[in-house]
Amino acid sequence: MLAAIGAQSIDELFDEIPASLRLSQLDAIPAALSEMEVGQLMGRRAQQDGQPVCFIGAGAYDHHIPAAVWQITTRGEYYTAYTPYQAEASQGTLQLLYEYQSMMVALTGMDVSNASLYDGASALAEAVLMAVRANRKSKSKRILMPKTVHPAYRRVVRNIVHNQEVELVELPYDPSGGHTDPSVLEAYAGEDIAALVIPQPNFFGVLEEVDALTDWAHANGALAIGVVNPLALSLLTPPGEWGEKGADICCGEGQPLGAPLSSGGPYFGFLCCKQSHVRQMPGRIIGRTEDLDGRVGYTLTLQAREQHIRRSKATSNICTNQGLMVTAATIHMALLGSEGLERAAAASYQNTSQLVSQLTAIEGVESLFQRPAFHERVIRLPAEAGSVLRSLAAHSLLGGLDLSRDYPELGDAILVCATEKRTAEEIDAYAQKLQRVIQLQGGVKCGLVPKE
Amino acid sequence: MLAAIGAQSIDELFDEIPASLRLSQLDAIPAALSEMEVGQLMGRRAQQDGQPVCFIGAGAYDHHIPAAVWQITTRGEYYTAYTPYQAEASQGTLQLLYEYQSMMVALTGMDVSNASLYDGASALAEAVLMAVRANRKSKSKRILMPKTVHPAYRRVVRNIVHNQEVELVELPYDPSGGHTDPSVLEAYAGEDIAALVIPQPNFFGVLEEVDALTDWAHANGALAIGVVNPLALSLLTPPGEWGEKGADICCGEGQPLGAPLSSGGPYFGFLCCKQSHVRQMPGRIIGRTEDLDGRVGYTLTLQAREQHIRRSKATSNICTNQGLMVTAATIHMALLGSEGLERAAAASYQNTSQLVSQLTAIEGVESLFQRPAFHERVIRLPAEAGSVLRSLAAHSLLGGLDLSRDYPELGDAILVCATEKRTAEEIDAYAQKLQRVIQLQGGVKCGLVPKE
Amino acid sequence: MLIFEQSRAGRQASAQAPLERADVSAIPEQFRRRRSAALPEVSEMQAVRHYTRLSRKNFSIDTQFYPLGSCTMKYNPRACNSLASLPGLLSRHPEAPESHSQGFMACLYDLQEILREVTGMKAVSLSPAAGAQGEFAGVAMIRAYHDARGDHERSEILVPDAAHGTNPATAVMCGYKVREIPTGADGDVDLEALQAVVGPHTAGIMLTNPSTLGVFDRKIEAIAKTVHDAGGLLYYDGANLNAILGKVRPGTMGFDVIHMNLHKTFSTPHGGGGPGAGPVGVSERLVPYLPVPMVAKSGDEYVWLTEEDCPESIGRLTAFAGNAGVLLRAYVYARMLGREGMPRVAEYSTLNANYMLKRLQAAGFDAAYPDRRATHEFIITLKRQAKELGVNTMDFAKRLLDYGFHAPTTYFPLLVPECLLIEPTETEDKETLDGFIQAMSDILAEAQSDPEQVRQAPHTLPVKRLDDVKAARELDLAWTPETT
Amino acid sequence: MLIFEQSRAGRQASAQAPLERADVSAIPEQFRRRRSAALPEVSEMQAVRHYTRLSRKNFSIDTQFYPLGSCTMKYNPRACNSLASLPGLLSRHPEAPESHSQGFMACLYDLQEILREVTGMKAVSLSPAAGAQGEFAGVAMIRAYHDARGDHERSEILVPDAAHGTNPATAVMCGYKVREIPTGADGDVDLEALQAVVGPHTAGIMLTNPSTLGVFDRKIEAIAKTVHDAGGLLYYDGANLNAILGKVRPGTMGFDVIHMNLHKTFSTPHGGGGPGAGPVGVSERLVPYLPVPMVAKSGDEYVWLTEEDCPESIGRLTAFAGNAGVLLRAYVYARMLGREGMPRVAEYSTLNANYMLKRLQAAGFDAAYPDRRATHEFIITLKRQAKELGVNTMDFAKRLLDYGFHAPTTYFPLLVPECLLIEPTETEDKETLDGFIQAMSDILAEAQSDPEQVRQAPHTLPVKRLDDVKAARELDLAWTPETT
Ligand SMILES: Cc1ncc(COP(=O)(O)O)c(C=O)c1O
Ligand SMILES: Cc1ncc(COP(=O)(O)O)c(C=O)c1O
């Protein structure tokens, strides 16, 4: 091959790199391992972390994933293809994405869906930017953001949108209901607001008054952006039907649809909207079309929104989607159907209710927020939450998320979740262990009124 | 659908079954579980057995299997196809099997290979029956079977062939070498022997004098049947080159070529022979041919040997092969190549040597059979073998196979094996634990000369 | 292109083997091979791409309707694969002690119990590696039984002419002579012919019921009585168990021994030809002869039964416990199906078969047994078409491939001329069945309008019709460097 | 056929969900949906068969040569997938405590160190979810840096005209104006033009080197000096890192911040469009601004660095730690490659590219930069052919599909007319490259003899050329019951 090139050595091929810059060694990088050796290393590390029983939700949920999902998803043809730039050679991915979009439309009640964004949090950031562009009535870049939105999502939104001078106005939550009381909006009536964000269920698992919130937004010239759990949507009113006119944009984390917990990623963000806003939607979109013979086919469309063509005027800089995760999600939804999703959602709801009732039977443990909730709930402990959770973890049980960092006002509150995968024995074991741990630690704080 | 049939109910479709025979209940069968539930059950059971570090070989070897092997093998197109009866719709499986046959021919040095049998033991039984049919010079059905052949194989051969009045004559092994001394054959010189079985390496891991044994067989009108470890063959003289003329038939267990240990199966038996015996070979055989346009294609061939056509005159009743395992083995061999197989074999050899030298450094532990061996060796313990192995198992370490059932004359002997997967730490840990266990148990037998 | 033809000296999938080469010079040279085996030398990517592409030249259940009669090509739930492949199960050594095998043994034990219940037999051994090995075990047990009673005159096994080829081949492997029993015009065994040959030489009879003719033998009780009265035993070839799962039990029909094809009825994957699994179940009198190993329960513990525990056993037929990983898949399947699911298998497979039969008849095809119910499968004969149109069963079969359907079983059973044995299974939907029926009708029309089109089929597959005669005459069974 | 079109009311993959339906009536009706979502209702087999068959309509690395320039479509070792999917890793909750995360965190930490070493940067954060998010993080850090110094005048990001579209789009997302810098005739950045525009408004420059023109910018030191002297920072778009892995480090070239596309250089699968991963590395002065979370080592323990630990951080960009599973795959890859393997990646990818370039030139194609070395990729322009034969780049691309090759990147970079950006990668063998070159020659011949054949291509794929205009004009983005 060098002969064909007319070079003496491979090294010669790098002769345009200034010699002074050339690197000689990569000393800090370990020597190569064989597949077997790296397998042993990874095996040890995977084992090291144990597989504690998980009662944490908080944006990532331990649902059952049918075996077929990943056996099909990892087929080389899906796994090792790239963005379907050559539509004719990518009808597999393209038709699947079109089906995905159709399923998301069915689930959310919106008109259109894109082919996914990075994750739920960044999808919300994109939804906010999109709302600012799409809301022709509003000249402001003000967004009302309830405190019941996932704290990490709120941070991500801030980090992404603040460079474009979008202003995020935090809405407080109702301390007894754990929801955004629509009356807090009165303070903003008549102001120029680009959009109102509405989580359903919210971070506490609590159901929001989505109809009232959506209608308020529309009455005040703002767009309504739903942030939803797609599995919950199998049971809950879809954003497209919120209030009189439905939400304008909705987004969320797709993980509950077939993505393993996997330390937080890869998951995928979904983004849907009303037809009228489709040209403001960022990310890949697949359209149905025809070939020269009039046969149905699928292709990337509305590319004029994207950076490849639009460059600095694109709707976003996003280039990849989370294609593989969406492949899994599509197969997942096809396998479960709405009946299956509803059953999984209902079982999760039931398990969480059961968990909460067993935990709150323990003296001193109380459930906050009495409003209807989905499969996540806030409970308050009669002992230091962090220390209780550590003790439980030592028993290979993740008892919930400590809320003290983001909601110190709630005291020793934790957010718990029991999906359909948690068995009655696991729930019993949690209750028993919690009781013991509280007894042991309770000496210190027992009887104290939790700080408010 | 019932309307099209003209039936009132599904039950009616069973109306030709005498009513008195009809079954009403299946009470003893548990109720259906969801995939998630059966997953939890299997997860618990799989975990229950632990994953002890394995120093047992004895016919099933813990080798590294490249990740690609089973990711490709379980593609639906291989996994859920059946016997390639419609060759045009099965060129994937057929070409792969032809490649498999070619690889086995390369590895064994024989002329032809079938497309696999159930396992190594049953392959040996078929090889014996085949030899009886193929040996036109011999009128007897006598087979010389060294005691160095895997005991389970000898049992299986007996169980399968005794109904056809084949006589198995056991050959003793040399107590110091652990091999079949060619001189024991002198007793049979001039007798009518259909075949001599030659294991390489033998059950003790010891290398047999294959050249002398093969030549003896041929000189005495018997066929030579090799029973070989295919991974060992990457380093050892292939049966096709044994002695002056090479073995006539060779068979063995294919497990080391990409099949996981999996409690003993599914594995696959391979069977190869000289061209002249091909019509006596049982099992599927794939041939290369052409289609109507002269294009190369592959098809089942020599079907006139098989029960579908030959019925009671078939070479065997075998109908399935272990197609999926052979798929894995073919990909495994393609990935490793002979270089890779040689490295894996050499590393296993080295690890076993290292293990034996560390174990025999313990007082009272000795290595039997000083002849060259491959990756398996017999060592004798200064304490009751079964009890030592149980103690090791309690430390999650499978120390070897207790030989007292099949070779009581060896005393407290165990057969140990360390494949390339055993790390230096694991070998050290074995030596340390063995030392401790022997010390603890040694009180009783310490200093005793092991029984002979 | 063969993988060998992509080989280049020195190429390697380097991460797959130890990175260094250990020294083996301590092994004397006389034992070492002189030249490395001529295996292909390719990169990991080449191997992956080659075998991925190759796979796409296969029809399979995951991609096509595959109504291969007698083979029960039904959907293989993916969970069976992943759960049988849990690391703890995959890495278990066959010689691991019972202390480290309780989880695995619990699965086998439960499966034995499930199969016992569903077949109505007294005890089950899981170890045979496939149907044919199950047959061997069964007939070997029949022989062991007679031998144990000193009943050495029994030298014949009776086999209906519709039987699968493995039946007579098995009888011969067990040292028996085979005597064929004809089938009556209605598809049932010719009872009179049976009565005529049964006698003191009869060791037993091998029956498939429903038979491979796709009908349930209504005279089964009389057959059983005839054979038993003569001192023979009844062997049940369970390849067609799918048709009667939860509906009728071989034990109730009077069988003494049965094999099951787990890769059929219990949906373990066919893997391009195997592995299968062929557990055997027996009536009381054959229990002592069951092949080992088996799993028993002693208190709370599972224990192995081996040669020592079962001195009259016909012994083991594979080195370890048969195709254990296949058994685990079957177990997972059985648990997902459960008590409720088993009869549904029989119901829907029978419904699908009867539906197809009627619709194909309506489309102008001849049923081999038009007056009988189809079971889970049925036969049509193209004798008339072959004669009138010069388009035979093989042509139909090959042309079906062009329509995207795997062909049904052709030319089996041997006694029905120009036959197609069609088994849709319970996992196919009506739309697929309708598609197949349409394809058959279309091919029939083609056979009239353009028979050459059918005779030359297939046209759309990776190869055109292959020359089997050349394959057998000019044997080319392995690539060598000279082939290319 | 769409999965929706196979749906029949009431059909279900029944084992996939809980077998019973829990009562949710305690949720007030006002919150509950009135009609079930209209998802497809199919059996498990239908879903498996549908998506298996659908997959076969894709080109992919595992099945085809895929020389998509700038995308580094190299082989994805299968071990990366299985090891990142070990049950313990797959089931780890992102909020699991550090006590139950040491194994996972060790992998991230090691990967940070490897990336640091290979790029020559001071510190690395792994969290950005893709290249474009890495760009965002990078430019946001540049902004945070200037802001922290009170340097608020810097409102412009400079971007060469050859840049990928994500570069200008990112600058805008970070609130900057974009100023394009032209490319010189030799493919290097026009240094004089750069000098002319750089100044107190310059926040920084985004460069890809080797650039997307397939050449290494020889004046990189001068560029760095120019920008730094003006107070701007240098951003390195690491999409082309594959070309220089182990050969030259962005840190050495003078870059202040870099993103890497792990789905390119570190071979994590492209997944039909993602997920990727876009870690960022920075020079000393940007360390405080790195996005969180990161992993640090404290004694023998790994600890998370989050917002609390890094108060000046630009914060997190996804809810948790980015595409963790992708990072694990990259880590496995990096360990298998090791110190020795990294430079080989650059060497063989460069060798392959230069070989193809020369051979294509010999076959009559025009290189965009004939006097330059190719890096790991190169550009040919079909301007001449388009003019003379009326067969354009798109026609060539589509026709290549018929030959079984995925097309190279077309019409990018925008400044080269009728271009193909060809990146063979290091994992392809010479025979494959030769096959592609032959196909290009054949198509050129066809373009002369039968241009319509090329213009109408593809001919052998599941669909013929698709109508993109119709797709955009008559938007049909989701199936509804009315679609069918
Ligand atoms: C009726 C019948 N009997 C026996 C067998 C043999 O079973 P196996 O192929 O599992 O050996 C088959 C398999 O095709 C069969 O259809
Ligand atoms: C040169 C260049 N820069 C940036 C990107 C963006 O990276 P990503 O697609 O991972 O967001 C790409 C990806 O195609 C690229 O080729």
# chains A, B, ... in the order shown; residues from 1 in each chain; ligands from 1
call {"tool": "residues_near_ligand", "arguments": {"ligand": "ligand 1", "cutoff": "10 Å", "atoms": "only C-alpha atoms and all ligand atoms", "output": "short mmCIF file (atom, residue, chain, number, x, y, z; two decimals) with N, CA and C atoms, in the first residue's frame"}}
result
data_model
loop_
_atom_site.label_atom_id
_atom_site.label_comp_id
_atom_site.auth_asym_id
_atom_site.auth_seq_id
_atom_site.Cartn_x
_atom_site.Cartn_y
_atom_site.Cartn_z
N TYR B 82 -34.12 -23.95 11.11
CA TYR B 82 -33.96 -25.38 11.38
C TYR B 82 -33.07 -25.99 10.30
N THR B 83 -32.93 -27.28 10.42
CA THR B 83 -32.19 -28.05 9.44
C THR B 83 -32.43 -27.51 8.03
N GLN B 307 -31.64 -41.45 8.00
CA GLN B 307 -32.91 -42.14 8.26
C GLN B 307 -34.07 -41.60 7.45
N HIS B 308 -34.01 -40.35 7.05
CA HIS B 308 -35.15 -39.83 6.28
C HIS B 308 -35.37 -40.68 5.04
N ASN B 317 -29.47 -43.36 13.82
CA ASN B 317 -30.79 -42.73 13.92
C ASN B 317 -30.69 -41.23 14.10
N ILE B 318 -29.48 -40.69 14.18
CA ILE B 318 -29.36 -39.27 14.51
C ILE B 318 -30.01 -38.42 13.44
N CYS B 319 -30.71 -37.39 13.87
CA CYS B 319 -31.50 -36.56 12.96
C CYS B 319 -31.05 -35.11 13.08
N THR B 320 -31.08 -34.57 14.29
CA THR B 320 -30.56 -33.22 14.50
C THR B 320 -29.03 -33.26 14.50
N ASN B 321 -28.43 -32.10 14.33
CA ASN B 321 -27.03 -31.97 14.75
C ASN B 321 -27.04 -30.91 15.86
N LEU C 68 -43.00 -25.89 8.64
CA LEU C 68 -42.34 -27.16 8.35
C LEU C 68 -42.99 -28.26 9.20
N GLY C 69 -43.82 -29.03 8.57
CA GLY C 69 -44.59 -30.03 9.29
C GLY C 69 -43.72 -30.98 10.09
N SER C 70 -44.21 -31.35 11.26
CA SER C 70 -43.55 -32.27 12.18
C SER C 70 -42.43 -31.59 12.95
N CYS C 71 -42.03 -30.38 12.56
CA CYS C 71 -40.89 -29.72 13.21
C CYS C 71 -41.30 -28.66 14.21
N THR C 72 -42.59 -28.28 14.17
CA THR C 72 -43.13 -27.32 15.14
C THR C 72 -42.24 -26.08 15.26
N PRO C 128 -31.66 -37.35 27.40
CA PRO C 128 -31.39 -37.53 25.97
C PRO C 128 -31.25 -36.20 25.22
N ALA C 129 -30.31 -36.19 24.28
CA ALA C 129 -29.90 -34.94 23.66
C ALA C 129 -30.81 -34.47 22.53
N ALA C 130 -31.69 -35.33 22.06
CA ALA C 130 -32.59 -34.93 20.98
C ALA C 130 -33.67 -35.99 20.89
N GLY C 131 -34.64 -35.75 20.01
CA GLY C 131 -35.71 -36.71 19.85
C GLY C 131 -35.18 -38.10 19.55
N ALA C 132 -34.28 -38.18 18.58
CA ALA C 132 -33.79 -39.49 18.18
C ALA C 132 -33.06 -40.17 19.33
N GLN C 133 -32.37 -39.41 20.15
CA GLN C 133 -31.70 -40.05 21.28
C GLN C 133 -32.73 -40.46 22.35
N GLY C 134 -33.81 -39.68 22.43
CA GLY C 134 -34.90 -40.08 23.30
C GLY C 134 -35.51 -41.39 22.81
N GLU C 135 -35.66 -41.51 21.51
CA GLU C 135 -36.16 -42.76 20.95
C GLU C 135 -35.24 -43.92 21.32
N PHE C 136 -33.95 -43.66 21.16
CA PHE C 136 -32.99 -44.70 21.50
C PHE C 136 -33.16 -45.11 22.96
N ALA C 162 -46.17 -44.71 8.23
CA ALA C 162 -46.14 -43.25 8.23
C ALA C 162 -45.05 -42.70 9.15
N ALA C 163 -44.37 -43.57 9.86
CA ALA C 163 -43.46 -43.11 10.90
C ALA C 163 -42.28 -42.31 10.35
N HIS C 164 -41.75 -41.50 11.21
CA HIS C 164 -40.52 -40.75 10.92
C HIS C 164 -39.37 -41.74 10.80
N GLY C 165 -38.42 -41.44 9.93
CA GLY C 165 -37.31 -42.35 9.68
C GLY C 165 -36.49 -42.69 10.91
N THR C 166 -36.51 -41.80 11.89
CA THR C 166 -35.73 -42.10 13.09
C THR C 166 -36.29 -43.32 13.82
N ASN C 167 -37.59 -43.59 13.69
CA ASN C 167 -38.18 -44.72 14.43
C ASN C 167 -37.56 -46.05 14.00
N THR C 170 -33.86 -46.21 14.86
CA THR C 170 -33.63 -46.41 16.28
C THR C 170 -33.79 -47.88 16.66
N MET C 206 -43.76 -48.53 17.95
CA MET C 206 -43.45 -47.09 18.04
C MET C 206 -44.53 -46.33 17.31
N LEU C 207 -45.22 -45.51 18.03
CA LEU C 207 -46.33 -44.78 17.43
C LEU C 207 -46.16 -43.28 17.64
N THR C 208 -46.63 -42.54 16.66
CA THR C 208 -46.75 -41.10 16.83
C THR C 208 -48.24 -40.81 16.80
N ASN C 209 -48.76 -40.15 17.81
CA ASN C 209 -50.19 -39.90 17.82
C ASN C 209 -50.45 -38.55 18.46
N PRO C 210 -50.94 -37.55 17.75
CA PRO C 210 -51.31 -37.59 16.34
C PRO C 210 -50.15 -38.04 15.47
N SER C 211 -50.49 -38.76 14.44
CA SER C 211 -49.45 -39.30 13.57
C SER C 211 -48.90 -38.22 12.66
N THR C 212 -47.87 -38.57 11.94
CA THR C 212 -47.30 -37.60 10.99
C THR C 212 -48.21 -37.41 9.79
N LEU C 213 -49.35 -38.07 9.79
CA LEU C 213 -50.33 -37.82 8.73
C LEU C 213 -51.26 -36.68 9.14
N TYR C 236 -44.22 -44.02 22.52
CA TYR C 236 -44.87 -42.82 21.97
C TYR C 236 -43.82 -41.85 21.48
N ASP C 237 -43.83 -41.61 20.19
CA ASP C 237 -42.94 -40.59 19.59
C ASP C 237 -43.61 -39.24 19.81
N GLY C 238 -43.04 -38.46 20.72
CA GLY C 238 -43.71 -37.23 21.15
C GLY C 238 -43.48 -36.02 20.28
N ALA C 239 -43.01 -36.24 19.07
CA ALA C 239 -42.73 -35.09 18.21
C ALA C 239 -43.97 -34.24 17.98
N ASN C 240 -45.13 -34.86 18.10
CA ASN C 240 -46.36 -34.12 17.83
C ASN C 240 -47.13 -33.75 19.09
N LEU C 241 -46.44 -33.73 20.20
CA LEU C 241 -47.10 -33.44 21.47
C LEU C 241 -47.79 -32.07 21.46
N HIS C 259 -40.93 -40.13 24.25
CA HIS C 259 -39.92 -39.08 24.23
C HIS C 259 -40.61 -37.79 23.82
N MET C 260 -40.06 -36.70 24.29
CA MET C 260 -40.58 -35.39 23.90
C MET C 260 -39.49 -34.62 23.17
N ASN C 261 -39.88 -33.84 22.18
CA ASN C 261 -38.91 -32.97 21.52
C ASN C 261 -39.07 -31.58 22.11
N LEU C 262 -38.21 -31.25 23.05
CA LEU C 262 -38.38 -29.93 23.69
C LEU C 262 -38.18 -28.80 22.69
N HIS C 263 -37.38 -29.05 21.66
CA HIS C 263 -37.17 -28.02 20.65
C HIS C 263 -38.41 -27.88 19.78
N LYS C 264 -39.38 -28.70 19.98
CA LYS C 264 -40.63 -28.50 19.25
C LYS C 264 -41.65 -28.00 20.26
N HIS C 270 -34.42 -24.00 17.24
CA HIS C 270 -33.94 -25.12 16.42
C HIS C 270 -32.50 -24.94 15.97
N GLY C 273 -30.54 -26.63 13.10
CA GLY C 273 -30.37 -28.09 13.05
C GLY C 273 -30.24 -28.71 14.43
N GLY C 274 -30.26 -27.91 15.45
CA GLY C 274 -30.13 -28.38 16.82
C GLY C 274 -29.37 -27.33 17.60
N PRO C 275 -29.09 -27.50 18.85
CA PRO C 275 -29.39 -28.67 19.67
C PRO C 275 -30.87 -28.77 20.03
N GLY C 276 -31.30 -30.02 20.16
CA GLY C 276 -32.62 -30.28 20.69
C GLY C 276 -32.49 -30.84 22.08
N ALA C 277 -33.56 -31.43 22.54
CA ALA C 277 -33.51 -32.19 23.79
C ALA C 277 -34.67 -33.16 23.73
N GLY C 278 -34.44 -34.39 24.15
CA GLY C 278 -35.45 -35.44 23.99
C GLY C 278 -35.74 -36.21 25.27
N PHE C 412 -42.87 -36.12 2.69
CA PHE C 412 -42.92 -36.89 3.91
C PHE C 412 -44.28 -36.65 4.53
N PRO C 413 -44.96 -37.63 5.05
CA PRO C 413 -44.63 -39.06 5.07
C PRO C 413 -44.59 -39.67 3.67
#
call {"tool": "select_by_dssp", "arguments": {"residues": "region 39-284 of chain C", "states": "strand (DSSP E)", "output": "PyMOL selection string"}}
result
chain C and resi 123-125+156-160+177-181+202-207+233-238+257-260+280-282
call {"tool": "write_last_selection", "arguments": {"atoms": "N, CA and C atoms", "output": "compact mmCIF listing (two decimals), in the first residue's frame"}}
result
# COMPACT_ATOMS: atom_id res chain seq x y z
N ALA C 123 -42.44 -41.27 35.57
CA ALA C 123 -41.17 -40.60 35.87
C ALA C 123 -40.55 -40.14 34.57
N VAL C 124 -39.70 -39.16 34.69
CA VAL C 124 -39.10 -38.54 33.51
C VAL C 124 -37.59 -38.42 33.70
N SER C 125 -36.85 -38.69 32.64
CA SER C 125 -35.42 -38.38 32.62
C SER C 125 -35.19 -37.39 31.49
N GLU C 156 -38.68 -57.99 17.56
CA GLU C 156 -39.23 -57.07 16.56
C GLU C 156 -39.84 -55.83 17.18
N ILE C 157 -39.62 -54.75 16.48
CA ILE C 157 -40.33 -53.52 16.82
C ILE C 157 -41.25 -53.20 15.64
N LEU C 158 -42.49 -52.93 15.96
CA LEU C 158 -43.46 -52.60 14.90
C LEU C 158 -43.45 -51.08 14.68
N VAL C 159 -43.47 -50.70 13.43
CA VAL C 159 -43.44 -49.27 13.10
C VAL C 159 -44.41 -49.00 11.96
N PRO C 160 -45.37 -48.14 12.16
CA PRO C 160 -46.29 -47.80 11.06
C PRO C 160 -45.54 -47.21 9.87
N LYS C 177 -35.29 -56.02 14.86
CA LYS C 177 -35.76 -56.01 13.48
C LYS C 177 -37.00 -55.11 13.43
N VAL C 178 -37.19 -54.52 12.27
CA VAL C 178 -38.32 -53.59 12.12
C VAL C 178 -39.38 -54.23 11.27
N ARG C 179 -40.61 -54.13 11.71
CA ARG C 179 -41.69 -54.61 10.87
C ARG C 179 -42.67 -53.46 10.65
N GLU C 180 -42.92 -53.17 9.40
CA GLU C 180 -43.78 -52.03 9.08
C GLU C 180 -45.25 -52.40 9.15
N ILE C 181 -46.05 -51.51 9.68
CA ILE C 181 -47.50 -51.70 9.76
C ILE C 181 -48.14 -50.70 8.80
N THR C 202 -42.98 -59.73 19.33
CA THR C 202 -43.15 -58.28 19.39
C THR C 202 -42.57 -57.72 20.69
N ALA C 203 -41.54 -56.91 20.53
CA ALA C 203 -40.99 -56.21 21.69
C ALA C 203 -41.84 -54.98 21.99
N GLY C 204 -42.29 -54.33 20.93
CA GLY C 204 -43.11 -53.15 21.14
C GLY C 204 -43.47 -52.50 19.82
N ILE C 205 -44.20 -51.42 19.94
CA ILE C 205 -44.57 -50.65 18.75
C ILE C 205 -44.20 -49.20 19.00
N MET C 206 -43.76 -48.53 17.95
CA MET C 206 -43.45 -47.09 18.04
C MET C 206 -44.53 -46.33 17.31
N LEU C 207 -45.22 -45.51 18.03
CA LEU C 207 -46.33 -44.78 17.43
C LEU C 207 -46.16 -43.28 17.64
N LEU C 233 -44.63 -53.61 24.39
CA LEU C 233 -44.80 -52.29 25.02
C LEU C 233 -45.07 -51.24 23.95
N LEU C 234 -45.62 -50.13 24.41
CA LEU C 234 -45.95 -49.05 23.47
C LEU C 234 -45.02 -47.86 23.66
N TYR C 235 -44.43 -47.49 22.55
CA TYR C 235 -43.55 -46.33 22.53
C TYR C 235 -44.27 -45.17 21.88
N TYR C 236 -44.22 -44.02 22.52
CA TYR C 236 -44.87 -42.82 21.97
C TYR C 236 -43.82 -41.85 21.48
N ASP C 237 -43.83 -41.61 20.19
CA ASP C 237 -42.94 -40.59 19.59
C ASP C 237 -43.61 -39.24 19.81
N GLY C 238 -43.04 -38.46 20.72
CA GLY C 238 -43.71 -37.23 21.15
C GLY C 238 -43.48 -36.02 20.28
N VAL C 257 -43.77 -45.69 27.25
CA VAL C 257 -42.60 -44.82 27.21
C VAL C 257 -42.82 -43.78 26.12
N ILE C 258 -42.31 -42.60 26.38
CA ILE C 258 -42.51 -41.48 25.45
C ILE C 258 -41.25 -40.65 25.42
N HIS C 259 -40.93 -40.13 24.25
CA HIS C 259 -39.92 -39.08 24.23
C HIS C 259 -40.61 -37.79 23.82
N MET C 260 -40.06 -36.70 24.29
CA MET C 260 -40.58 -35.39 23.90
C MET C 260 -39.49 -34.62 23.17
N VAL C 280 -37.32 -38.39 28.20
CA VAL C 280 -38.19 -39.55 28.11
C VAL C 280 -39.00 -39.69 29.39
N GLY C 281 -40.22 -40.13 29.22
CA GLY C 281 -41.08 -40.42 30.36
C GLY C 281 -41.51 -41.87 30.26
N VAL C 282 -41.75 -42.50 31.40
CA VAL C 282 -42.10 -43.92 31.37
C VAL C 282 -43.23 -44.24 32.33
call {"tool": "residues_around", "arguments": {"residues": "Glu167 (chain B)", "least_positions_apart": "2", "cutoff": "7 Å", "atoms": "only C-alpha atoms", "output": "PyMOL selection string"}}
result
chain B and resi 141-143+165+169
call {"tool": "interface_residues", "arguments": {"of": "chain A", "to": "chain C", "cutoff": "6 Å", "atoms": "only C-alpha atoms", "output": "PyMOL selection string"}}
result
chain A and resi 34-35+67-68
call {"tool": "write_last_selection", "arguments": {"atoms": "C-alpha atoms", "output": "tab-separated table (two decimals), in the first residue's frame"}}
result
chain	number	residue	atom	x	y	z
A	34	SER	CA	-6.80	-8.93	25.75
A	35	GLU	CA	-10.56	-9.19	25.62
A	67	ALA	CA	-35.71	-9.81	26.77
A	68	ALA	CA	-36.52	-9.29	23.11
call {"tool": "select_by_dssp", "arguments": {"residues": "region 46-293 of chain A", "states": "helix (DSSP H, G or I)", "output": "JSON, numbers by chain"}}
result
{"A": [46, 47, 48, 67, 68, 69, 70, 71, 72, 73, 76, 77, 78, 79, 87, 88, 89, 91, 92, 93, 94, 95, 96, 97, 98, 99, 100, 101, 102, 103, 104, 105, 106, 107, 108, 120, 121, 122, 123, 124, 125, 126, 127, 128, 129, 130, 131, 132, 133, 134, 151, 152, 153, 154, 155, 156, 157, 158, 159, 160, 161, 162, 163, 164, 182, 183, 184, 185, 186, 187, 188, 210, 211, 212, 213, 214, 215, 216, 217, 218, 219, 232, 233, 234, 239, 240, 241, 262, 263, 264, 275, 276, 277, 278, 279, 280]}
